[in-house]
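Student: Before I ask anything, here is the structure I am working with.
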Number of protein chains: 4
Amino acid sequence: MATDATAKMGRPRSERARRAVLHAADDLLVDVGYAAMTMKGIAERAGVGRQTVYRWWTTKAEILLEAIIDDVEEELTTPALPDAVDDLLTYVRALSEFLMTSPAGLAYRALVGEAQHDPAVRDLVHAADLLGASARTVLDRVRPVAPAMPSPKLAAAQVVGPVVYRMLTAPAEFSHEELREHVRHLLTSWSS
Amino acid sequence: MATDATAKMGRPRSERARRAVLHAADDLLVDVGYAAMTMKGIAERAGVGRQTVYRWWTTKAEILLEAIIDDVEEELTTPALPDAVDDLLTYVRALSEFLMTSPAGLAYRALVGEAQHDPAVRDLVHAADLLGASARTVLDRVRPVAPAMPSPKLAAAQVVGPVVYRMLTAPAEFSHEELREHVRHLLTSWSS
Amino acid sequence: MATDATAKMGRPRSERARRAVLHAADDLLVDVGYAAMTMKGIAERAGVGRQTVYRWWTTKAEILLEAIIDDVEEELTTPALPDAVDDLLTYVRALSEFLMTSPAGLAYRALVGEAQHDPAVRDLVHAADLLGASARTVLDRVRPVAPAMPSPKLAAAQVVGPVVYRMLTAPAEFSHEELREHVRHLLTSWSS
Amino acid sequence: MATDATAKMGRPRSERARRAVLHAADDLLVDVGYAAMTMKGIAERAGVGRQTVYRWWTTKAEILLEAIIDDVEEELTTPALPDAVDDLLTYVRALSEFLMTSPAGLAYRALVGEAQHDPAVRDLVHAADLLGASARTVLDRVRPVAPAMPSPKLAAAQVVGPVVYRMLTAPAEFSHEELREHVRHLLTSWSS
DNA sequence: ATCTAACCGAGACGGTACGTCACGTCTTACA
DNA sequence: TGTAAGACGTGACGTACCGTCTCGGTTAGAT
């Protein structure tokens with residue numbers, strides 16, 4: 001019986017170390033903020049060698065992305081509601097809440113910020129399209145009552161863009177009333 | 001005539017040094033990118049002492065903001081056009097072009113990015129509201145034919161947000177056709 | 001026939017691995033020098049696991065000592081000559097040549113150097129007394145014509161010490177003429 | 001009056017930092033030994049930035065050499081004595097004491113050891129010729145009664161070499177009696 | 001015509017994170 | 001059990017930049 005030529009050799013990767021690094025990154029982001037987070041700090045907080053961190057990730061952004069990618073999807077999953085306005089409104093409220101309050105939202109903002117500085121992170125963030133999947137899901141649900149909805153990408157940008165822009169450039173998020181008006185305008189312009 | 005008690009004494013600030021620093025920051029951003037820009041590098045490129053930089057600015061973001069603030073306003077000033085669709089479309093096209101191509105747009109993205117990492121920069125960027133003034137100008141022009149336009153802040157976010165969101169999270173900007181459709185939807189939802 | 005209770009169990013030590021390590025150490029010393037030699041590098045050059053090296057040796061000095069100990073003895077064995085001056089002179093010339101030129105001499109110098117830094121290596125080098133055996137041999141041969149020769153240890157130091165000192169602290173070895181004069185003085189002082 | 005073109009600019013070198021580094025190196029050598037001494041450790045012990053150490057020295061050997069070079073000369077200066085045997089004997093005893101006991105002697109051994117590993121250190125040590133000056137001084141004093149003394153370099157090697165060789169390769173130094181015999185043989189061979 | 005205070009350039013200072021390297025140990029699969 | 005492979009936690013390497021400091025020298029208004 002032939003030996004599998006592709007069999008892995010040597011000591012296998014430690015799942016314990018991997019989890020410790022991801023948790024440490026999450027914790028540090030909340031504790032000290034993205035700017036003060038360092039690869040050194042993550043390794044120390046995780047109780048892991050520095051080389052082990054560099055072996056599997058190249059930047060703190062990469063670690064953070066892996067750490068939060070599941071959380072983002074989960075936090076932006078909203079229930080299907082019979083009324084389209086309610087459905088979409090629940091989503092944009094969850095989005096606004098996520099961006100301004102949730103630790104994962106904090107990480108999302110940090111990652112989008114870093115993407116503007118580092119081309120490698122930019123590619124990662126573009127590829128991950130963290131908000132895209134959840135937006136597509138809710139848009140698919142309201143499409144039956146929005147016959148004039150534009151292409152999925154533009155429609156998603158119309159829903160999500162104003163909320164994200166507000167988060168990026170203003171100290172406070174939109175009020176619930178403003179979000180309701182935003183959703184109302186979207187559905188109006190998509191209805192005929 | 002009495003001496004002004006608040007008169008400045010000593011050698012006055014060197015305008016030459018100030019300009020050299022702002023230009024050096026601009027140049028470095030294009031040459032090496034925001035992440036690789038350093039206070040040390042700016043001082044050296046400007047042919048200026050390090051202390052002189054620290055005396056007047058505390059971060060590279062502050063320098064960059066001062067360096068580009070006039071350019072942004074200028075590049076986003078579009079001519080008033082008789083047709084509202086044309087007027088708004090010209091603006092969003094200028095905005096898209098600015099964000100993806102212009103050196104000042106590169107700086108804008110870097111500043112918004114840094115604002116997600118550093119609270120002090122965040123306050124600066126919020127206070128500057130770099131895109132807000134130009135958006136308000138064009139919205140004031142189309143308001144007569146858009147009676148249902150929401151509050152200025154929400155309306156501005158609806159115009160600008162999707163374009164900025166696209167720039168932040170996707171590798172390519174919206175096409176001219178997508179921007180036209182975006183503007184058409186906006187004016188539709190604001191018309192009744 | 002019964003199995004010997006003291007027989008070794010498990011896989012026996014690989015002679016192939018042992019030789020590969022010793023040769024790798026020798027080669028690396030010449031190629032990259034003692035300082036740049038590492039246990040990791042030796043293992044890789046030998047095509048041997050890192051653990052295998054650590055199982056049988058604790059330092060690179062120990063490996064090097066085992067690698068060269070036979071060569072030293074061989075290179076410093078000089079033929080007995082009828083004239084005492086010739087006999088001793090042939091020896092000190094071989095010694096000088098060994099120290100400045102031979103790969104084994106390079107290793108000897110590296111080991112003596114390391115002995116000044118690491119007490120464990122110091123003990124090894126003292127115990128090995130690499131030059132001592134050959135010096136004793138030649139001194140035994142000239143003793144009949146050197147009745148005032150002091151104790152073997154001092155006599156050996158008088159022969160070998162100046163040559164080694166020269167190698168340690170000066171860029172070039174003694175010339176043949178200087179070595180001849182050295183030997184002449186030694187035999188003069190030992191003759192009466 | 002013209003400004004001096006060669007005038008030093010910027011903050012001048014801190015003499016305080018220089019001394020602190022030299023003392024720290026000295027202390028660390030005694031406390032932890034040469035092998036365990038690190039540039040990092042020296043900087044920390046000196047209360048000095050790491051860059052400051054690297055700015056002025058490239059290796060720990062260079063620091064150590066600067067730290068001990070004055071001490072060596074001082075410790076090996078012996079008084080002129082009327083009898084040549086006494087004069088030379090006092091010197092070789094001081095040398096033996098220096099090599100086996102003195103902190104500066106410890107450093108000397110470490111430096112000679114490192115010189116066998118690192119060509120840059122080798123050049124430094126050769127250039128410094130730490131033992132040479134003191135040997136020349138004492139040889140000049142005994143020369144009147146040693147007409148057959150060979151060239152200064154060989155004579156110095158004959159005096160110093162055996163003592164250094166002993167120190168390098170044996171656990172204990174020569175006894176006072178052995179040193180006396182050594183000196184007696186030297187003067188005998190140089191006398192006619 | 002000095003005086004004096006704040007500016008200017010240069011560059012060394014004490015720190016600290018960077019990314020790499022080798023250490024010596026461990027955990028696999030295979031022989 | 002020995003072996004080759006390779007990940008593990010540790011810690012020094014030499015570099016870069018941080019923000020501060022200390023020089024000599026400049027430039028104005030106030031005396």
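Every chain in the structure tokens has a letter given in the order shown (A, B, ...), and although residue numbers restart at 1 in each chain, ligands are simply numbered from 1 in the order shown.
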Residues of chain F were defined as contacting chain D if any atom lay at most 12 Å from it, counting only C-alpha atoms (C1' of nucleotides); please report them as a list in words.
Tutor: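 So the residues of chain F near chain D are DG11, DA12, DC13, DG14, DT15, DA16, DC17, DT20, DC21, DT22, DC23, DG24 and DG25 of chain F.
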Student: Atoms to include: N, CA and C atoms (P, O5', C5', C4', C3', O3' and C1' of nucleotides). Write the selected residues as a PDB file, in the first residue's frame.
Tutor:
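The file below, again32.pdb, is the result:
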```pdb
ATOM      1  P    DG F  11      11.574  34.530  27.776  1.00  0.00           P
ATOM      2  O5'  DG F  11      12.637  35.156  26.770  1.00  0.00           O
ATOM      3  C5'  DG F  11      13.873  34.505  26.578  1.00  0.00           C
ATOM      4  C4'  DG F  11      14.572  35.135  25.404  1.00  0.00           C
ATOM      5  C3'  DG F  11      14.547  36.675  25.417  1.00  0.00           C
ATOM      6  O3'  DG F  11      15.816  37.115  24.983  1.00  0.00           O
ATOM      7  C1'  DG F  11      13.841  35.913  23.363  1.00  0.00           C
ATOM      8  P    DA F  12      16.462  38.418  25.622  1.00  0.00           P
ATOM      9  O5'  DA F  12      17.584  38.789  24.554  1.00  0.00           O
ATOM     10  C5'  DA F  12      18.559  37.823  24.214  1.00  0.00           C
ATOM     11  C4'  DA F  12      19.042  38.055  22.799  1.00  0.00           C
ATOM     12  C3'  DA F  12      19.346  39.512  22.446  1.00  0.00           C
ATOM     13  O3'  DA F  12      20.631  39.592  21.830  1.00  0.00           O
ATOM     14  C1'  DA F  12      17.771  38.596  20.899  1.00  0.00           C
ATOM     15  P    DC F  13      21.171  40.994  21.276  1.00  0.00           P
ATOM     16  O5'  DC F  13      20.735  40.908  19.762  1.00  0.00           O
ATOM     17  C5'  DC F  13      21.229  39.844  18.954  1.00  0.00           C
ATOM     18  C4'  DC F  13      20.679  39.975  17.560  1.00  0.00           C
ATOM     19  C3'  DC F  13      20.896  41.343  16.923  1.00  0.00           C
ATOM     20  O3'  DC F  13      22.031  41.284  16.082  1.00  0.00           O
ATOM     21  C1'  DC F  13      18.650  40.524  16.568  1.00  0.00           C
ATOM     22  P    DG F  14      23.067  42.511  16.061  1.00  0.00           P
ATOM     23  O5'  DG F  14      22.325  43.596  15.158  1.00  0.00           O
ATOM     24  C5'  DG F  14      22.276  43.353  13.746  1.00  0.00           C
ATOM     25  C4'  DG F  14      21.181  44.185  13.132  1.00  0.00           C
ATOM     26  C3'  DG F  14      21.412  45.714  13.211  1.00  0.00           C
ATOM     27  O3'  DG F  14      21.158  46.270  11.936  1.00  0.00           O
ATOM     28  C1'  DG F  14      19.284  45.162  14.021  1.00  0.00           C
ATOM     29  P    DT F  15      21.132  47.840  11.682  1.00  0.00           P
ATOM     30  O5'  DT F  15      19.576  48.120  11.523  1.00  0.00           O
ATOM     31  C5'  DT F  15      18.835  47.370  10.565  1.00  0.00           C
ATOM     32  C4'  DT F  15      17.452  47.975  10.409  1.00  0.00           C
ATOM     33  C3'  DT F  15      17.450  49.499  10.267  1.00  0.00           C
ATOM     34  O3'  DT F  15      16.600  49.838   9.179  1.00  0.00           O
ATOM     35  C1'  DT F  15      16.030  48.839  12.058  1.00  0.00           C
ATOM     36  P    DA F  16      16.479  51.377   8.726  1.00  0.00           P
ATOM     37  O5'  DA F  16      15.109  51.851   9.389  1.00  0.00           O
ATOM     38  C5'  DA F  16      13.928  51.151   9.050  1.00  0.00           C
ATOM     39  C4'  DA F  16      12.769  51.756   9.810  1.00  0.00           C
ATOM     40  C3'  DA F  16      12.766  53.283   9.783  1.00  0.00           C
ATOM     41  O3'  DA F  16      11.533  53.727   9.247  1.00  0.00           O
ATOM     42  C1'  DA F  16      12.550  52.453  12.023  1.00  0.00           C
ATOM     43  P    DC F  17      11.323  55.280   8.941  1.00  0.00           P
ATOM     44  O5'  DC F  17      10.480  55.819  10.181  1.00  0.00           O
ATOM     45  C5'  DC F  17       9.255  55.189  10.526  1.00  0.00           C
ATOM     46  C4'  DC F  17       8.890  55.580  11.940  1.00  0.00           C
ATOM     47  C3'  DC F  17       8.878  57.090  12.201  1.00  0.00           C
ATOM     48  O3'  DC F  17       7.510  57.487  12.389  1.00  0.00           O
ATOM     49  C1'  DC F  17       9.909  55.869  13.986  1.00  0.00           C
ATOM     50  P    DT F  20       6.280  65.344  22.722  1.00  0.00           P
ATOM     51  O5'  DT F  20       7.795  65.243  23.233  1.00  0.00           O
ATOM     52  C5'  DT F  20       8.116  64.312  24.260  1.00  0.00           C
ATOM     53  C4'  DT F  20       9.554  64.492  24.710  1.00  0.00           C
ATOM     54  C3'  DT F  20       9.931  65.934  25.068  1.00  0.00           C
ATOM     55  O3'  DT F  20      10.617  65.896  26.302  1.00  0.00           O
ATOM     56  C1'  DT F  20      11.470  65.060  23.490  1.00  0.00           C
ATOM     57  P    DC F  21      11.047  67.266  27.051  1.00  0.00           P
ATOM     58  O5'  DC F  21      12.569  67.446  26.546  1.00  0.00           O
ATOM     59  C5'  DC F  21      13.621  66.743  27.189  1.00  0.00           C
ATOM     60  C4'  DC F  21      14.924  67.066  26.482  1.00  0.00           C
ATOM     61  C3'  DC F  21      15.226  68.550  26.349  1.00  0.00           C
ATOM     62  O3'  DC F  21      15.901  69.121  27.471  1.00  0.00           O
ATOM     63  C1'  DC F  21      15.711  67.344  24.316  1.00  0.00           C
ATOM     64  P    DT F  22      17.389  68.877  27.955  1.00  0.00           P
ATOM     65  O5'  DT F  22      18.327  69.294  26.725  1.00  0.00           O
ATOM     66  C5'  DT F  22      19.467  68.477  26.477  1.00  0.00           C
ATOM     67  C4'  DT F  22      20.226  69.010  25.272  1.00  0.00           C
ATOM     68  C3'  DT F  22      20.733  70.445  25.446  1.00  0.00           C
ATOM     69  O3'  DT F  22      22.067  70.449  24.988  1.00  0.00           O
ATOM     70  C1'  DT F  22      19.654  70.221  23.398  1.00  0.00           C
ATOM     71  P    DC F  23      23.175  71.276  25.849  1.00  0.00           P
ATOM     72  O5'  DC F  23      24.150  71.794  24.707  1.00  0.00           O
ATOM     73  C5'  DC F  23      23.734  72.883  23.927  1.00  0.00           C
ATOM     74  C4'  DC F  23      24.022  72.590  22.472  1.00  0.00           C
ATOM     75  C3'  DC F  23      24.258  73.849  21.689  1.00  0.00           C
ATOM     76  O3'  DC F  23      25.641  74.141  21.714  1.00  0.00           O
ATOM     77  C1'  DC F  23      22.723  72.417  20.549  1.00  0.00           C
ATOM     78  P    DG F  24      26.197  75.627  21.729  1.00  0.00           P
ATOM     79  O5'  DG F  24      26.090  76.015  20.193  1.00  0.00           O
ATOM     80  C5'  DG F  24      26.635  75.150  19.200  1.00  0.00           C
ATOM     81  C4'  DG F  24      26.244  75.668  17.841  1.00  0.00           C
ATOM     82  C3'  DG F  24      26.499  77.170  17.668  1.00  0.00           C
ATOM     83  O3'  DG F  24      26.903  77.419  16.338  1.00  0.00           O
ATOM     84  C1'  DG F  24      24.182  76.722  17.437  1.00  0.00           C
ATOM     85  P    DG F  25      27.219  78.885  15.866  1.00  0.00           P
ATOM     86  O5'  DG F  25      25.861  79.376  15.194  1.00  0.00           O
ATOM     87  C5'  DG F  25      25.277  78.604  14.133  1.00  0.00           C
ATOM     88  C4'  DG F  25      23.986  79.235  13.691  1.00  0.00           C
ATOM     89  C3'  DG F  25      24.040  80.763  13.491  1.00  0.00           C
ATOM     90  O3'  DG F  25      23.512  81.054  12.202  1.00  0.00           O
ATOM     91  C1'  DG F  25      22.161  80.144  14.762  1.00  0.00           C
TER      92       DG F  25
END
```
Student: Could the residues of chain D within 8 Å of chain C, counting only C-alpha atoms, be given as a PyMOL selection string, please?
Tutor: chain D and resi 33-35+109-110+112-118+122-123+125-126+129+150+154+157-166+168-171+178+181-182+185-186+188-190
Student: CA of Lys60 in chain B and CA of Ala20 in chain B are how many Å apart?
Tutor: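 Taking CA of Lys60 in chain B and CA of Ala20 in chain B, their separation equals 14.0 Å.
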Student: Specify as a PyMOL selection string all residues of chain E found within 10 Å of chain A, counting only C-alpha atoms (C1' of nucleotides).
Tutor: chain E and resi 17-21+26-30
Student: One decimal, Å: what's the distance from CA of Leu88 in chain B over to CA of Glu173 in chain B, could you say?
Tutor: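 Separation between CA of Leu88 in chain B and CA of Glu173 in chain B: 17.2 Å.
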Student: Please superimpose chain D on chain B using every C-alpha atom, paired by order, in a least-squares fit, and write the moved chain as a CSV table (one decimal) with C-alpha atoms, in the first residue's frame.
Tutor:
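Final file, out_32.csv:
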```csv
chain,number,residue,atom,x,y,z
D,1,MET,CA,1.4,105.6,23.5
D,2,ALA,CA,1.1,102.3,25.3
D,3,THR,CA,2.7,99.2,24.0
D,4,ASP,CA,0.2,96.6,22.8
D,5,ALA,CA,0.1,93.9,25.5
D,6,THR,CA,-0.9,91.3,23.0
D,7,ALA,CA,1.9,92.0,20.6
D,8,LYS,CA,3.6,88.9,19.3
D,9,MET,CA,7.1,88.4,20.6
D,10,GLY,CA,10.0,86.4,19.2
D,11,ARG,CA,10.6,85.3,15.7
D,12,PRO,CA,7.3,84.9,13.8
D,13,ARG,CA,6.2,81.7,12.2
D,14,SER,CA,7.8,80.9,8.9
D,15,GLU,CA,5.2,80.7,6.1
D,16,ARG,CA,7.9,79.1,4.0
D,17,ALA,CA,8.2,76.2,6.4
D,18,ARG,CA,4.4,75.8,6.7
D,19,ARG,CA,3.9,75.5,2.9
D,20,ALA,CA,6.9,73.2,2.6
D,21,VAL,CA,5.3,70.8,5.1
D,22,LEU,CA,1.9,70.8,3.4
D,23,HIS,CA,3.4,70.2,0.0
D,24,ALA,CA,5.7,67.4,1.4
D,25,ALA,CA,2.7,65.7,2.9
D,26,ASP,CA,0.8,65.9,-0.3
D,27,ASP,CA,3.7,64.5,-2.3
D,28,LEU,CA,4.5,61.7,0.1
D,29,LEU,CA,0.9,60.5,0.1
D,30,VAL,CA,1.1,60.0,-3.6
D,31,ASP,CA,4.6,58.6,-3.6
D,32,VAL,CA,4.6,56.2,-0.7
D,33,GLY,CA,1.0,56.0,0.5
D,34,TYR,CA,-0.5,56.9,3.8
D,35,ALA,CA,0.7,54.0,5.9
D,36,ALA,CA,4.4,54.6,4.9
D,37,MET,CA,4.1,58.4,5.5
D,38,THR,CA,5.8,59.4,8.7
D,39,MET,CA,6.3,62.7,10.6
D,40,LYS,CA,10.0,62.2,10.2
D,41,GLY,CA,9.6,61.6,6.4
D,42,ILE,CA,7.5,64.7,6.0
D,43,ALA,CA,10.0,66.8,7.9
D,44,GLU,CA,12.9,65.5,5.8
D,45,ARG,CA,11.1,65.9,2.5
D,46,ALA,CA,10.1,69.4,3.5
D,47,GLY,CA,13.6,70.3,4.5
D,48,VAL,CA,12.3,71.3,7.9
D,49,GLY,CA,13.3,70.4,11.4
D,50,ARG,CA,11.3,67.7,13.1
D,51,GLN,CA,10.4,69.9,16.0
D,52,THR,CA,8.9,72.5,13.6
D,53,VAL,CA,6.4,69.9,12.4
D,54,TYR,CA,5.5,68.9,15.9
D,55,ARG,CA,5.2,72.5,17.0
D,56,TRP,CA,2.3,73.2,14.7
D,57,TRP,CA,0.7,69.8,14.0
D,58,THR,CA,0.3,66.7,16.2
D,59,THR,CA,-0.4,64.0,13.6
D,60,LYS,CA,0.1,63.4,9.9
D,61,ALA,CA,-3.7,63.4,9.5
D,62,GLU,CA,-3.8,66.9,10.8
D,63,ILE,CA,-1.2,68.0,8.2
D,64,LEU,CA,-3.0,66.2,5.4
D,65,LEU,CA,-6.3,67.7,6.3
D,66,GLU,CA,-4.9,71.2,6.2
D,67,ALA,CA,-3.1,70.4,2.9
D,68,ILE,CA,-6.2,69.2,1.0
D,69,ILE,CA,-9.1,71.1,2.6
D,70,ASP,CA,-9.2,73.8,-0.1
D,71,ASP,CA,-8.6,71.3,-3.0
D,72,VAL,CA,-11.6,69.2,-1.9
D,73,GLU,CA,-14.0,72.1,-2.1
D,74,GLU,CA,-12.7,73.2,-5.4
D,75,GLU,CA,-12.8,69.7,-7.1
D,76,LEU,CA,-16.3,69.1,-5.9
D,77,THR,CA,-17.7,72.4,-7.2
D,78,THR,CA,-19.8,71.6,-10.2
D,79,PRO,CA,-21.7,74.0,-12.5
D,80,ALA,CA,-25.4,74.6,-12.0
D,81,LEU,CA,-27.3,72.9,-14.8
D,82,PRO,CA,-30.9,73.6,-15.8
D,83,ASP,CA,-32.0,70.0,-15.7
D,84,ALA,CA,-32.0,68.5,-12.1
D,85,VAL,CA,-30.9,65.1,-13.3
D,86,ASP,CA,-28.0,66.5,-15.2
D,87,ASP,CA,-27.0,68.8,-12.3
D,88,LEU,CA,-27.0,66.0,-9.7
D,89,LEU,CA,-25.4,63.5,-12.1
D,90,THR,CA,-22.6,65.9,-12.8
D,91,TYR,CA,-22.0,66.2,-9.1
D,92,VAL,CA,-22.0,62.4,-8.3
D,93,ARG,CA,-19.7,61.8,-11.3
D,94,ALA,CA,-17.3,64.4,-10.0
D,95,LEU,CA,-17.5,62.8,-6.6
D,96,SER,CA,-16.8,59.3,-8.0
D,97,GLU,CA,-13.9,60.7,-10.0
D,98,PHE,CA,-12.6,62.6,-7.0
D,99,LEU,CA,-12.7,59.5,-4.8
D,100,MET,CA,-11.0,57.1,-7.2
D,101,THR,CA,-8.6,59.3,-9.1
D,102,SER,CA,-7.7,62.6,-7.5
D,103,PRO,CA,-4.8,63.0,-5.1
D,104,ALA,CA,-7.1,64.9,-2.8
D,105,GLY,CA,-9.6,62.1,-3.0
D,106,LEU,CA,-6.8,59.7,-2.0
D,107,ALA,CA,-6.1,61.9,1.0
D,108,TYR,CA,-9.8,62.0,1.8
D,109,ARG,CA,-10.0,58.2,1.9
D,110,ALA,CA,-6.9,58.0,4.0
D,111,LEU,CA,-8.3,60.5,6.5
D,112,VAL,CA,-11.7,58.8,6.7
D,113,GLY,CA,-9.7,55.6,7.3
D,114,GLU,CA,-7.5,57.0,10.0
D,115,ALA,CA,-10.6,58.5,11.6
D,116,GLN,CA,-11.8,55.0,12.4
D,117,HIS,CA,-8.6,54.3,14.3
D,118,ASP,CA,-7.9,57.6,16.1
D,119,PRO,CA,-10.5,59.5,18.0
D,120,ALA,CA,-8.7,62.8,17.6
D,121,VAL,CA,-8.7,62.4,13.9
D,122,ARG,CA,-12.3,61.3,14.0
D,123,ASP,CA,-13.2,64.6,15.6
D,124,LEU,CA,-11.2,66.6,13.0
D,125,VAL,CA,-12.9,64.8,10.1
D,126,HIS,CA,-16.3,65.1,11.6
D,127,ALA,CA,-15.8,68.8,12.1
D,128,ALA,CA,-14.4,69.4,8.6
D,129,ASP,CA,-17.3,67.5,7.0
D,130,LEU,CA,-15.3,67.6,3.8
D,131,LEU,CA,-18.1,66.4,1.4
D,132,GLY,CA,-21.0,68.1,3.2
D,133,ALA,CA,-20.6,71.6,1.9
D,134,SER,CA,-20.5,70.6,-1.8
D,135,ALA,CA,-23.5,68.2,-1.3
D,136,ARG,CA,-25.5,70.9,0.3
D,137,THR,CA,-24.8,73.3,-2.5
D,138,VAL,CA,-26.1,71.0,-5.2
D,139,LEU,CA,-29.1,69.8,-3.1
D,140,ASP,CA,-30.1,73.4,-2.7
D,141,ARG,CA,-30.2,73.8,-6.4
D,142,VAL,CA,-32.4,70.7,-7.1
D,143,ARG,CA,-34.7,71.3,-4.1
D,144,PRO,CA,-37.3,73.3,-6.1
D,145,VAL,CA,-38.0,70.2,-8.2
D,146,ALA,CA,-37.7,67.7,-5.3
D,147,PRO,CA,-40.4,68.7,-2.8
D,148,ALA,CA,-40.3,65.5,-0.9
D,149,MET,CA,-36.5,65.7,-0.2
D,150,PRO,CA,-35.8,64.7,3.4
D,151,SER,CA,-33.6,66.6,5.9
D,152,PRO,CA,-30.4,68.0,4.4
D,153,LYS,CA,-28.3,65.5,6.3
D,154,LEU,CA,-30.2,62.4,5.2
D,155,ALA,CA,-30.6,63.7,1.7
D,156,ALA,CA,-26.8,64.3,1.5
D,157,ALA,CA,-26.2,60.8,2.8
D,158,GLN,CA,-28.5,59.4,0.3
D,159,VAL,CA,-26.7,61.1,-2.6
D,160,VAL,CA,-23.1,60.6,-1.4
D,161,GLY,CA,-23.3,57.5,0.8
D,162,PRO,CA,-23.7,54.9,-1.9
D,163,VAL,CA,-20.8,56.3,-3.9
D,164,VAL,CA,-18.6,56.5,-0.9
D,165,TYR,CA,-19.6,53.0,0.3
D,166,ARG,CA,-18.8,51.6,-3.1
D,167,MET,CA,-15.4,53.2,-3.0
D,168,LEU,CA,-14.7,51.9,0.5
D,169,THR,CA,-15.7,48.3,-0.1
D,170,ALA,CA,-15.4,47.4,-3.8
D,171,PRO,CA,-12.4,47.4,-6.1
D,172,ALA,CA,-14.1,49.5,-8.9
D,173,GLU,CA,-16.3,52.6,-8.8
D,174,PHE,CA,-19.9,52.7,-10.2
D,175,SER,CA,-20.2,53.1,-14.0
D,176,HIS,CA,-21.7,56.2,-15.4
D,177,GLU,CA,-24.9,54.3,-16.1
D,178,GLU,CA,-25.2,53.1,-12.6
D,179,LEU,CA,-24.7,56.6,-11.3
D,180,ARG,CA,-27.4,57.9,-13.7
D,181,GLU,CA,-29.7,55.3,-12.4
D,182,HIS,CA,-28.8,56.2,-8.8
D,183,VAL,CA,-29.6,59.9,-9.5
D,184,ARG,CA,-32.9,59.0,-11.2
D,185,HIS,CA,-34.0,56.9,-8.2
D,186,LEU,CA,-33.2,59.7,-5.8
D,187,LEU,CA,-35.2,62.3,-7.8
D,188,THR,CA,-38.1,59.9,-8.2
D,189,SER,CA,-38.3,59.3,-4.5
D,190,TRP,CA,-38.0,63.0,-3.7
D,191,SER,CA,-40.5,64.2,-6.3
D,192,SER,CA,-43.9,63.6,-4.8
```
Student: Excluding DT26 in chain F and any residue of its chain fewer than 2 positions from it, enumerate the residues within 10 Å of it, using only C-alpha atoms (C1' of nucleotides), and give them as a ChimeraX atom specification.
Tutor: /B:11 /E:7-8 /F:28
